[in-house]
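Enquirer: See final-v3.txt below, with compact mmCIF, C-alpha atoms.
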```txt
# COMPACT_ATOMS: atom_id res chain seq x y z
CA MET J 1 -1.28 17.85 -11.29
CA PRO J 2 -4.17 16.94 -13.60
CA GLU J 3 -7.50 18.60 -12.88
CA PRO J 4 -10.08 16.66 -10.92
CA VAL J 5 -12.50 14.93 -13.26
CA VAL J 6 -15.29 13.92 -10.92
CA VAL J 7 -17.15 15.54 -8.11
CA GLU J 8 -16.63 14.94 -4.42
CA PRO J 9 -16.39 11.19 -3.97
CA ASN J 10 -16.70 10.36 -0.28
CA PHE J 11 -13.51 8.92 1.19
CA PHE J 12 -15.03 6.15 3.29
CA GLU J 13 -17.33 5.07 0.48
CA VAL J 14 -14.31 4.73 -1.82
CA ILE J 15 -12.31 2.81 0.78
CA GLY J 16 -15.25 0.53 1.53
CA THR J 17 -16.05 -0.38 -2.06
CA GLN J 18 -12.64 -0.69 -3.70
CA ARG J 19 -12.19 -4.28 -4.67
CA ALA J 20 -10.52 -6.15 -7.51
CA MET J 21 -12.49 -5.66 -10.75
CA ARG J 22 -11.19 -8.26 -13.21
CA ARG J 23 -13.88 -8.04 -15.89
CA LEU J 24 -13.24 -4.82 -17.78
CA LYS J 25 -14.78 -3.22 -20.85
CA THR J 26 -12.59 -2.48 -23.86
CA ASP J 27 -13.67 1.19 -23.97
CA PRO J 28 -10.74 3.58 -23.84
CA VAL J 29 -9.82 5.52 -20.71
CA PRO J 30 -9.06 9.23 -21.23
CA GLU J 31 -5.44 10.18 -20.64
CA ALA J 32 -6.50 12.71 -17.99
CA TYR J 33 -7.89 9.85 -15.91
CA ILE J 34 -4.66 7.90 -16.20
CA LYS J 35 -2.65 10.91 -15.12
CA ARG J 36 -5.05 11.54 -12.28
CA ILE J 37 -4.66 8.06 -10.79
CA ILE J 38 -0.88 8.21 -11.19
CA TRP J 39 -0.96 11.60 -9.47
CA ALA J 40 -2.75 9.88 -6.58
CA ALA J 41 -0.08 7.17 -6.56
CA THR J 42 2.67 9.75 -6.24
CA ARG J 43 1.05 11.25 -3.13
CA ALA J 44 1.85 8.06 -1.20
CA PRO J 45 4.76 7.89 1.23
CA SER J 46 8.09 6.29 0.33
CA GLY J 47 11.20 5.72 2.45
CA GLY J 48 13.06 9.02 2.81
CA ASN J 49 10.53 10.44 0.29
CA ARG J 50 12.79 9.02 -2.43
CA GLN J 51 9.82 8.34 -4.74
CA GLY J 52 11.72 5.48 -6.33
CA TRP J 53 8.91 4.57 -8.66
CA ARG J 54 8.01 4.77 -12.32
CA TRP J 55 4.58 4.12 -13.79
CA LEU J 56 4.76 2.39 -17.15
CA VAL J 57 1.46 2.74 -18.98
CA VAL J 58 0.87 0.22 -21.78
CA THR J 59 -1.91 0.83 -24.29
CA ASP J 60 -0.20 -0.62 -27.41
CA ALA J 61 -2.36 -3.53 -28.60
CA ALA J 62 0.50 -5.81 -29.69
CA LYS J 63 2.39 -5.32 -26.44
CA LYS J 64 -0.73 -5.93 -24.38
CA LYS J 65 -1.41 -9.16 -26.28
CA GLN J 66 2.14 -10.40 -25.74
CA ILE J 67 1.91 -9.62 -22.03
CA GLN J 68 -1.43 -11.42 -21.82
CA GLU J 69 0.06 -14.56 -23.38
CA TRP J 70 2.85 -14.65 -20.82
CA TYR J 71 0.39 -13.90 -18.05
CA GLU J 72 -2.01 -16.65 -19.07
CA GLU J 73 0.80 -19.17 -19.47
CA ALA J 74 2.02 -18.48 -15.92
CA TRP J 75 -1.51 -18.41 -14.52
CA THR J 76 -2.34 -21.74 -16.12
CA ARG J 77 0.77 -23.27 -14.57
CA TYR J 78 -0.12 -21.85 -11.12
CA THR J 79 -3.65 -23.14 -11.16
CA ALA J 80 -2.56 -26.52 -12.56
CA SER J 81 -0.20 -26.83 -9.61
CA GLY J 82 -3.08 -26.31 -7.20
CA TYR J 83 -3.03 -22.55 -6.62
CA GLY J 84 -6.51 -21.26 -5.88
CA ASN J 85 -8.11 -24.69 -6.07
CA ALA J 86 -11.46 -25.09 -4.39
CA ARG J 87 -10.60 -24.97 -0.71
CA THR J 88 -12.34 -27.28 1.70
CA ASP J 89 -11.01 -25.52 4.80
CA LEU J 90 -13.20 -22.45 4.45
CA PRO J 91 -16.63 -21.62 5.87
CA PRO J 92 -19.35 -21.70 3.16
CA GLU J 93 -19.49 -17.94 2.58
CA GLU J 94 -15.72 -17.69 2.15
CA ALA J 95 -15.58 -20.78 -0.05
CA LYS J 96 -18.19 -19.23 -2.33
CA SER J 97 -16.26 -15.96 -2.47
CA ASN J 98 -13.04 -17.88 -3.13
CA ASP J 99 -14.64 -19.67 -6.09
CA ALA J 100 -15.91 -16.38 -7.51
CA VAL J 101 -12.43 -14.85 -7.22
CA LEU J 102 -10.90 -17.83 -9.00
CA LYS J 103 -13.40 -17.57 -11.85
CA SER J 104 -12.79 -13.86 -12.33
CA ALA J 105 -9.03 -14.44 -12.14
CA ASN J 106 -9.35 -17.04 -14.90
CA TYR J 107 -11.31 -14.52 -16.93
CA LEU J 108 -8.62 -11.90 -16.41
CA ALA J 109 -5.88 -14.28 -17.56
CA ALA J 110 -7.76 -14.90 -20.82
CA HIS J 111 -8.77 -11.26 -21.40
CA LEU J 112 -5.94 -9.18 -19.92
CA HIS J 113 -5.11 -7.61 -23.28
CA GLU J 114 -8.68 -6.36 -23.65
CA ALA J 115 -8.19 -3.94 -20.77
CA PRO J 116 -7.60 -0.55 -22.38
CA VAL J 117 -4.67 0.18 -20.07
CA LEU J 118 -2.09 -1.91 -18.27
CA ILE J 119 0.06 -0.12 -15.71
CA PHE J 120 3.31 -1.56 -14.39
CA ALA J 121 4.30 -0.23 -10.97
CA CYS J 122 8.09 -0.17 -11.28
CA ALA J 123 10.32 0.03 -8.20
CA LEU J 124 13.83 1.41 -8.62
CA THR J 125 14.99 -0.37 -5.49
CA GLY J 126 16.57 -3.39 -7.16
CA PRO J 127 15.98 -7.03 -6.24
CA GLY J 128 16.38 -8.62 -2.83
CA GLY J 129 15.61 -7.23 0.59
CA ASP J 130 13.00 -8.33 3.08
CA ILE J 131 9.28 -7.60 3.24
CA THR J 132 10.00 -3.89 3.67
CA ALA J 133 11.24 -3.76 0.06
CA GLY J 134 7.56 -3.35 -0.79
CA SER J 135 6.94 -0.53 1.70
CA SER J 136 7.87 2.19 -0.79
CA ILE J 137 5.79 0.97 -3.73
CA TYR J 138 2.61 -0.81 -2.60
CA PRO J 139 1.21 2.20 -0.68
CA ALA J 140 1.43 4.07 -4.00
CA VAL J 141 -0.19 1.15 -5.85
CA GLN J 142 -3.05 1.25 -3.35
CA ASN J 143 -3.47 5.00 -3.82
CA LEU J 144 -3.68 4.43 -7.57
CA MET J 145 -6.33 1.74 -7.22
CA LEU J 146 -8.37 3.81 -4.76
CA ALA J 147 -8.26 6.83 -7.06
CA ALA J 148 -9.38 4.62 -9.94
CA ARG J 149 -12.32 3.46 -7.83
CA ALA J 150 -13.16 7.09 -7.04
CA LEU J 151 -13.30 7.76 -10.79
CA GLY J 152 -15.37 4.65 -11.49
CA LEU J 153 -12.45 2.71 -12.99
CA GLY J 154 -11.81 -0.92 -12.17
CA THR J 155 -8.36 -2.28 -11.28
CA ALA J 156 -6.72 -5.35 -9.77
CA LEU J 157 -3.34 -5.81 -8.13
CA THR J 158 -1.61 -8.67 -9.94
CA THR J 159 1.91 -10.08 -9.82
CA VAL J 160 1.52 -13.15 -12.08
CA HIS J 161 3.55 -11.52 -14.88
CA ARG J 162 6.66 -11.80 -12.70
CA ALA J 163 7.08 -15.41 -13.84
CA HIS J 164 8.02 -13.72 -17.14
CA GLN J 165 9.58 -10.59 -15.68
CA ASP J 166 12.71 -10.80 -17.85
CA ASP J 167 10.55 -11.14 -20.97
CA VAL J 168 8.45 -8.17 -19.89
CA ARG J 169 11.61 -6.14 -19.25
CA LYS J 170 12.90 -6.88 -22.76
CA LEU J 171 9.55 -6.09 -24.39
CA LEU J 172 9.28 -2.70 -22.69
CA GLY J 173 12.95 -1.80 -22.27
CA ILE J 174 12.85 -1.91 -18.48
CA PRO J 175 16.34 -2.07 -16.90
CA GLU J 176 17.30 -5.25 -15.06
CA THR J 177 17.71 -3.32 -11.82
CA VAL J 178 14.05 -2.30 -11.84
CA GLU J 179 11.44 -4.52 -10.20
CA THR J 180 7.98 -4.68 -11.74
CA ALA J 181 6.19 -4.84 -8.40
CA ALA J 182 2.68 -5.02 -9.85
CA LEU J 183 0.74 -5.18 -13.08
CA ILE J 184 -2.52 -3.28 -12.77
CA PRO J 185 -5.14 -3.61 -15.52
CA VAL J 186 -7.30 -0.47 -15.66
CA GLY J 187 -10.67 -0.04 -17.36
CA TRP J 188 -14.37 0.56 -16.97
CA PRO J 189 -15.80 -2.40 -15.05
CA LYS J 190 -18.44 -4.69 -16.48
CA GLY J 191 -19.77 -5.43 -12.99
CA LYS J 192 -20.62 -3.23 -10.06
CA PHE J 193 -18.38 -2.08 -7.27
CA GLY J 194 -19.27 -3.52 -3.91
CA THR J 195 -17.89 -4.54 -0.58
CA GLY J 196 -15.44 -7.44 -0.59
CA LEU J 197 -15.78 -10.22 1.94
CA ARG J 198 -13.58 -9.49 4.94
CA ARG J 199 -13.20 -10.78 8.48
CA PRO J 200 -14.46 -8.53 11.30
CA VAL J 201 -12.06 -5.99 12.79
CA GLU J 202 -12.34 -7.69 16.17
CA ASP J 203 -10.92 -10.92 14.76
CA VAL J 204 -7.73 -9.36 13.39
CA THR J 205 -6.98 -6.76 16.08
CA TYR J 206 -4.94 -7.43 19.21
CA TRP J 207 -4.48 -5.04 22.12
CA ASP J 208 -1.10 -4.68 23.88
CA ALA J 209 -0.22 -8.37 23.35
CA TRP J 210 -0.44 -10.93 20.57
CA GLY J 211 -3.79 -12.76 20.66
CA ALA J 212 -5.46 -10.34 23.11
CA LYS J 213 -8.80 -9.49 21.50
CA ARG J 214 -11.48 -6.99 22.50
CA GLN J 215 -15.08 -6.82 21.38
CA MET Z 216 -17.75 -2.34 11.34
CA PRO Z 217 -17.46 0.67 13.65
CA GLU Z 218 -19.75 3.61 12.96
CA PRO Z 219 -18.40 6.51 10.93
CA VAL Z 220 -17.21 9.25 13.26
CA VAL Z 221 -16.74 12.15 10.86
CA VAL Z 222 -18.72 13.61 8.03
CA GLU Z 223 -18.02 13.22 4.36
CA PRO Z 224 -14.29 13.77 3.90
CA ASN Z 225 -13.54 14.23 0.22
CA PHE Z 226 -11.48 11.41 -1.25
CA PHE Z 227 -9.06 13.45 -3.33
CA GLU Z 228 -8.48 15.92 -0.51
CA VAL Z 229 -7.56 13.05 1.79
CA ILE Z 230 -5.25 11.47 -0.81
CA GLY Z 231 -3.63 14.81 -1.56
CA THR Z 232 -2.89 15.77 2.04
CA GLN Z 233 -1.90 12.51 3.68
CA ARG Z 234 1.70 12.81 4.66
CA ALA Z 235 3.87 11.57 7.50
CA MET Z 236 2.99 13.40 10.74
CA ARG Z 237 5.78 12.66 13.20
CA ARG Z 238 5.01 15.25 15.89
CA LEU Z 239 1.99 13.97 17.77
CA LYS Z 240 0.10 15.15 20.84
CA THR Z 241 -0.18 12.87 23.84
CA ASP Z 242 -3.99 13.18 23.95
CA PRO Z 243 -5.72 9.81 23.80
CA VAL Z 244 -7.43 8.51 20.67
CA PRO Z 245 -10.91 7.02 21.20
CA GLU Z 246 -11.10 3.28 20.62
CA ALA Z 247 -13.81 3.81 17.96
CA TYR Z 248 -11.28 5.74 15.87
CA ILE Z 249 -8.71 2.98 16.18
CA LYS Z 250 -11.25 0.39 15.11
CA ARG Z 251 -12.35 2.61 12.25
CA ILE Z 252 -8.87 2.93 10.78
CA ILE Z 253 -8.25 -0.80 11.18
CA TRP Z 254 -11.57 -1.42 9.45
CA ALA Z 255 -10.24 0.68 6.56
CA ALA Z 256 -7.04 -1.38 6.56
CA THR Z 257 -9.02 -4.59 6.24
CA ARG Z 258 -10.80 -3.32 3.11
CA ALA Z 259 -7.50 -3.46 1.20
CA PRO Z 260 -6.75 -6.28 -1.23
CA SER Z 261 -4.50 -9.21 -0.33
CA GLY Z 262 -3.31 -12.14 -2.42
CA GLY Z 263 -6.16 -14.64 -2.79
CA ASN Z 264 -8.07 -12.44 -0.28
CA ARG Z 265 -6.22 -14.35 2.44
CA GLN Z 266 -6.17 -11.31 4.74
CA GLY Z 267 -2.99 -12.59 6.36
CA TRP Z 268 -2.68 -9.65 8.70
CA ARG Z 269 -3.06 -8.79 12.35
CA TRP Z 270 -3.12 -5.30 13.80
CA LEU Z 271 -1.39 -5.12 17.16
CA VAL Z 272 -2.41 -1.94 18.98
CA VAL Z 273 -0.06 -0.86 21.78
CA THR Z 274 -1.25 1.73 24.29
CA ASP Z 275 0.51 0.36 27.40
CA ALA Z 276 2.92 3.07 28.59
CA ALA Z 277 5.73 0.75 29.70
CA LYS Z 278 5.65 -1.22 26.47
CA LYS Z 279 5.61 1.97 24.38
CA LYS Z 280 8.63 3.29 26.29
CA GLN Z 281 10.58 0.05 25.76
CA ILE Z 282 9.77 0.12 22.06
CA GLN Z 283 10.85 3.78 21.84
CA GLU Z 284 14.22 2.95 23.41
CA TRP Z 285 14.89 0.22 20.84
CA TYR Z 286 13.66 2.47 18.06
CA GLU Z 287 15.86 5.40 19.10
CA GLU Z 288 18.90 3.14 19.51
CA ALA Z 289 18.48 1.82 15.95
CA TRP Z 290 17.68 5.25 14.54
CA THR Z 291 20.79 6.75 16.15
CA ARG Z 292 22.92 4.01 14.60
CA TYR Z 293 21.35 4.58 11.15
CA THR Z 294 21.91 8.31 11.18
CA ALA Z 295 25.43 7.90 12.59
CA SER Z 296 26.21 5.65 9.64
CA GLY Z 297 25.10 8.36 7.24
CA TYR Z 298 21.45 7.55 6.63
CA GLY Z 299 19.48 10.70 5.90
CA ASN Z 300 22.53 12.96 6.09
CA ALA Z 301 22.25 16.31 4.42
CA ARG Z 302 22.29 15.45 0.72
CA THR Z 303 24.19 17.64 -1.67
CA ASP Z 304 22.75 15.96 -4.78
CA LEU Z 305 19.30 17.49 -4.45
CA PRO Z 306 17.78 20.67 -5.88
CA PRO Z 307 17.30 23.34 -3.16
CA GLU Z 308 13.60 22.73 -2.60
CA GLU Z 309 14.12 18.99 -2.18
CA ALA Z 310 17.17 19.49 0.04
CA LYS Z 311 15.11 21.72 2.33
CA SER Z 312 12.30 19.17 2.45
CA ASN Z 313 14.84 16.41 3.12
CA ASP Z 314 16.26 18.33 6.08
CA ALA Z 315 12.79 18.91 7.50
CA VAL Z 316 11.97 15.22 7.21
CA LEU Z 317 15.21 14.32 8.99
CA LYS Z 318 14.44 16.71 11.85
CA SER Z 319 10.93 15.36 12.31
CA ALA Z 320 12.28 11.80 12.13
CA ASN Z 321 14.75 12.65 14.90
CA TYR Z 322 11.87 14.07 16.92
CA LEU Z 323 9.86 10.89 16.40
CA ALA Z 324 12.75 8.70 17.57
CA ALA Z 325 12.96 10.68 20.83
CA HIS Z 326 9.20 10.91 21.39
CA LEU Z 327 7.74 7.72 19.92
CA HIS Z 328 6.37 6.58 23.30
CA GLU Z 329 4.40 9.83 23.66
CA ALA Z 330 2.16 8.86 20.75
CA PRO Z 331 -1.05 7.60 22.37
CA VAL Z 332 -1.15 4.57 20.08
CA LEU Z 333 1.41 2.45 18.27
CA ILE Z 334 0.11 -0.03 15.72
CA PHE Z 335 2.18 -2.89 14.41
CA ALA Z 336 1.08 -4.14 10.98
CA CYS Z 337 1.80 -7.85 11.30
CA ALA Z 338 2.06 -10.09 8.22
CA LEU Z 339 1.42 -13.81 8.66
CA THR Z 340 3.41 -14.62 5.54
CA GLY Z 341 6.70 -15.53 7.20
CA PRO Z 342 10.13 -14.20 6.29
CA GLY Z 343 11.77 -14.28 2.87
CA GLY Z 344 10.25 -13.81 -0.55
CA ASP Z 345 10.82 -11.02 -3.05
CA ILE Z 346 9.34 -7.54 -3.22
CA THR Z 347 5.86 -9.00 -3.65
CA ALA Z 348 5.99 -10.23 -0.05
CA GLY Z 349 4.83 -6.72 0.79
CA SER Z 350 1.95 -6.69 -1.69
CA SER Z 351 -0.53 -8.15 0.79
CA ILE Z 352 0.24 -5.87 3.75
CA TYR Z 353 1.31 -2.37 2.59
CA PRO Z 354 -1.91 -1.63 0.68
CA ALA Z 355 -3.70 -2.22 3.99
CA VAL Z 356 -1.17 -0.04 5.84
CA GLN Z 357 -1.84 2.73 3.35
CA ASN Z 358 -5.61 2.38 3.80
CA LEU Z 359 -5.09 2.70 7.55
CA MET Z 360 -3.01 5.86 7.20
CA LEU Z 361 -5.44 7.42 4.73
CA ALA Z 362 -8.39 6.72 7.03
CA ALA Z 363 -6.45 8.26 9.92
CA ARG Z 364 -5.93 11.36 7.79
CA ALA Z 365 -9.64 11.45 7.00
CA LEU Z 366 -10.33 11.45 10.74
CA GLY Z 367 -7.71 14.11 11.44
CA LEU Z 368 -5.22 11.66 12.96
CA GLY Z 369 -1.51 11.76 12.14
CA THR Z 370 0.50 8.67 11.28
CA ALA Z 371 3.84 7.68 9.77
CA LEU Z 372 4.99 4.45 8.13
CA THR Z 373 8.15 3.34 9.95
CA THR Z 374 10.25 0.19 9.85
CA VAL Z 375 13.16 1.20 12.10
CA HIS Z 376 11.97 -1.12 14.91
CA ARG Z 377 12.89 -4.09 12.73
CA ALA Z 378 16.50 -3.77 13.87
CA HIS Z 379 15.04 -5.03 17.16
CA GLN Z 380 12.29 -7.20 15.72
CA ASP Z 381 13.12 -10.22 17.89
CA ASP Z 382 13.02 -8.03 21.01
CA VAL Z 383 9.68 -6.58 19.92
CA ARG Z 384 8.34 -10.08 19.29
CA LYS Z 385 9.31 -11.19 22.80
CA LEU Z 386 7.85 -8.07 24.42
CA LEU Z 387 4.49 -8.50 22.71
CA GLY Z 388 4.34 -12.28 22.31
CA ILE Z 389 4.47 -12.17 18.50
CA PRO Z 390 5.34 -15.56 16.93
CA GLU Z 391 8.65 -15.85 15.10
CA THR Z 392 6.85 -16.65 11.85
CA VAL Z 393 5.10 -13.27 11.86
CA GLU Z 394 6.74 -10.26 10.21
CA THR Z 395 6.18 -6.84 11.76
CA ALA Z 396 5.99 -5.06 8.41
CA ALA Z 397 5.46 -1.58 9.86
CA LEU Z 398 5.20 0.35 13.10
CA ILE Z 399 2.67 3.16 12.77
CA PRO Z 400 2.45 5.79 15.52
CA VAL Z 401 -1.05 7.27 15.65
CA GLY Z 402 -2.17 10.48 17.34
CA TRP Z 403 -3.50 13.99 16.93
CA PRO Z 404 -0.90 15.97 15.01
CA LYS Z 405 0.82 19.04 16.45
CA GLY Z 406 1.27 20.47 12.96
CA LYS Z 407 -1.05 20.85 10.03
CA PHE Z 408 -1.72 18.43 7.23
CA GLY Z 409 -0.50 19.59 3.87
CA THR Z 410 0.81 18.44 0.54
CA GLY Z 411 4.14 16.64 0.59
CA LEU Z 412 6.81 17.52 -1.95
CA ARG Z 413 6.55 15.22 -4.96
CA ARG Z 414 7.87 15.11 -8.49
CA PRO Z 415 5.43 15.88 -11.32
CA VAL Z 416 3.42 13.02 -12.80
CA GLU Z 417 5.05 13.63 -16.19
CA ASP Z 418 8.49 12.89 -14.75
CA VAL Z 419 7.60 9.47 -13.39
CA THR Z 420 5.23 8.20 -16.08
CA TYR Z 421 6.31 6.32 -19.20
CA TRP Z 422 4.08 5.38 -22.12
CA ASP Z 423 4.42 2.00 -23.86
CA ALA Z 424 8.20 1.89 -23.34
CA TRP Z 425 10.66 2.64 -20.54
CA GLY Z 426 11.76 6.28 -20.64
CA ALA Z 427 9.06 7.42 -23.09
CA LYS Z 428 7.55 10.51 -21.50
CA ARG Z 429 4.56 12.62 -22.52
CA GLN Z 430 3.63 16.09 -21.38
```
Output the structure of this file as structure tokens.

Expert:
Amino acid sequence: MPEPVVVEPNFFEVIGTQRAMRRLKTDPVPEAYIKRIIWAATRAPSGGNRQGWRWLVVTDAAKKKQIQEWYEEAWTRYTASGYGNARTDLPPEEAKSNDAVLKSANYLAAHLHEAPVLIFACALTGPGGDITAGSSIYPAVQNLMLAARALGLGTALTTVHRAHQDDVRKLLGIPETVETAALIPVGWPKGKFGTGLRRPVEDVTYWDAWGAKRQ
Amino acid sequence: MPEPVVVEPNFFEVIGTQRAMRRLKTDPVPEAYIKRIIWAATRAPSGGNRQGWRWLVVTDAAKKKQIQEWYEEAWTRYTASGYGNARTDLPPEEAKSNDAVLKSANYLAAHLHEAPVLIFACALTGPGGDITAGSSIYPAVQNLMLAARALGLGTALTTVHRAHQDDVRKLLGIPETVETAALIPVGWPKGKFGTGLRRPVEDVTYWDAWGAKRQ
């Protein structure tokens, strides 16, 4: 286990201010920090504690550029087909937030290779399965992103590369039986951490029956 | 957002000592704590920030007992079919840990209804999809379990109830289009928090190519 590299970040402050940071500086990230956030990932639960994960860290400039080109190609197709378009069904505050997310996602697609580190969260579980297929990898991804936040590093959980998953597998030598569950750019953020826009707890919590809210 | 109820838990201590706690006391959990851990859940990322989740909190004794009976029935079938059987392919330390997990999982199946609170993490995404179907719910589940740990509450991520998902839906009025991605028992732990057994970071981290390890 790598040594801690920062002092005493408060848990609830980290939880409350971890949000996608898509504008990242090109400055390098020390290897100890990378190992520290992967250490955090490995503390997460997995079914039967099988730990069926691998963390593929990409810092090679040519590989990052190739991945960015695939990513941007897929992202451009998604947005052209309407994904993330300005939504008219949202209240003003959410619509504004939605637009900001779309802009930063566009930025990420164009600048992905500038992130000093890309991490692929690889699941050894094979393809198929229902929603629970993700239950042994995304808790670890979240731990990684929270630990990054605690260290002052920005991240975002992306899956756009999966449109080119076979290409990515060939580029990095990943076996066909391995699912790249997420691509997480990691770097020092250009912007500031802050609280993301979320609905109130009371709106998304039911008590003893579906739809039964409490204030 | 509910008020904080504990002081300054250290982030890396929480991350490092959050593990499945399957033996729980029957003592009640104050509603403020439940709301606090659900608040933490809602801080997690979700695709397009859609927040397509609902948190169904079950404290009703009769409903908990019915859910426990379905859970134990499915768990008994799984273990009878070989799931979790003593594994001979593991190094001694892991085999011992594996046996301990199996025992505590058996305990949970028999005592699930004694947990003061059961929380269903409900995903509004509908059935189907690939592994990424879980990418917008399990990060939130992990946030919830980490926050519980920070407050001294035990949890475990379980999916065994899904063998009876239609029964659970009928009991609680959950629409057919909603996936119950996890059932999380919540309560004050009988045992102590501690570090789970995990493989070293170096064993599960590759650099720039699959299989390329660094010390």

Enquirer: Find the spatial neighbours of Trp422 (chain Z), counting all atoms listed in the file, within a cut-off of 12 Å - ignore same-chain residues fewer than 3 positions away - and output them as number ranges by chain.

Expert: J: 31, 34-35, 54-60, 63, 117-120, 172-174; Z: 417-419, 425-430

Enquirer: Report as JSON, numbers by chain all protein, DNA and RNA residues lying within 10 Å of Gly48 (chain J), evaluated on only C-alpha atoms, omitting residues in the same chain fewer than 2 positions from it.

Expert: {"J": [45, 46, 50, 51, 52, 136], "Z": [298, 299, 313, 316, 317, 320]}

Enquirer: For Phe408 (chain Z), list every protein, DNA or RNA residue within 12 Å, evaluated using all atoms listed in the file, and leave out those in the same chain fewer than 6 positions away; present the list as JSON, numbers by chain.

Expert: {"Z": [228, 229, 230, 231, 232, 233, 234, 235, 236, 237, 238, 361, 363, 364, 365, 366, 367, 368, 369, 370]}

Enquirer: Could the residues in this selection be written to a file with C-alpha atoms, as a PDB file, keeping the file's coordinate frame?

Expert:
```pdb
ATOM      1  CA  GLU Z 228      -8.480  15.920  -0.510  1.00  0.00           C
ATOM      2  CA  VAL Z 229      -7.560  13.050   1.790  1.00  0.00           C
ATOM      3  CA  ILE Z 230      -5.250  11.470  -0.810  1.00  0.00           C
ATOM      4  CA  GLY Z 231      -3.630  14.810  -1.560  1.00  0.00           C
ATOM      5  CA  THR Z 232      -2.890  15.770   2.040  1.00  0.00           C
ATOM      6  CA  GLN Z 233      -1.900  12.510   3.680  1.00  0.00           C
ATOM      7  CA  ARG Z 234       1.700  12.810   4.660  1.00  0.00           C
ATOM      8  CA  ALA Z 235       3.870  11.570   7.500  1.00  0.00           C
ATOM      9  CA  MET Z 236       2.990  13.400  10.740  1.00  0.00           C
ATOM     10  CA  ARG Z 237       5.780  12.660  13.200  1.00  0.00           C
ATOM     11  CA  ARG Z 238       5.010  15.250  15.890  1.00  0.00           C
ATOM     12  CA  LEU Z 361      -5.440   7.420   4.730  1.00  0.00           C
ATOM     13  CA  ALA Z 363      -6.450   8.260   9.920  1.00  0.00           C
ATOM     14  CA  ARG Z 364      -5.930  11.360   7.790  1.00  0.00           C
ATOM     15  CA  ALA Z 365      -9.640  11.450   7.000  1.00  0.00           C
ATOM     16  CA  LEU Z 366     -10.330  11.450  10.740  1.00  0.00           C
ATOM     17  CA  GLY Z 367      -7.710  14.110  11.440  1.00  0.00           C
ATOM     18  CA  LEU Z 368      -5.220  11.660  12.960  1.00  0.00           C
ATOM     19  CA  GLY Z 369      -1.510  11.760  12.140  1.00  0.00           C
ATOM     20  CA  THR Z 370       0.500   8.670  11.280  1.00  0.00           C
TER      21      THR Z 370
END
```

Enquirer: Which of these, J:Leu90, J:Ala209, J:Cys122, J:Ala156, has the shortest distance to Gly262 (chain Z) once you count all atoms listed in the file?

Expert: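 Smallest distance to Gly262 (chain Z) is found for J:Ala156.
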
Enquirer: Identify, on the basis of all atoms listed in the file, every residue whose closest approach to Ile38 (chain J) does not exceed 7 Å; exclude the query and any residue fewer than 4 positions from it along the same chain; express the result as a ChimeraX atom specification.

Expert: /J:34,42,144 /Z:416

Enquirer: What is the distance, in Å and to one decimal place, between CA of Ala348 (chain Z) and CA of Gly134 (chain J)?

Expert: 7.1 Å

Enquirer: Just the residues within 9 Å of Leu197 (chain J), please, counting all atoms listed in the file, with nothing from its chain fewer than 6 positions along; format it as a list of chain:residue names.

Expert: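 The contact residues come out as J:Glu93, J:Glu94, J:Ser97, Z:Arg258, Z:Asn264.
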
Enquirer: Counting only C-alpha atoms, which residue out of J:Gly82, J:Pro116, J:Pro185, J:Pro175 sits closest to chain Z?

Expert: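 Distance minimum relative to chain Z lands on J:Pro175.
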
Enquirer: How far is it from CA of Leu339 (chain Z) to CA of Ala255 (chain Z), in Å with one decimal?

Expert: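 Computing the Euclidean distance for CA of Leu339 (chain Z) and CA of Ala255 (chain Z) yields 18.7 Å.
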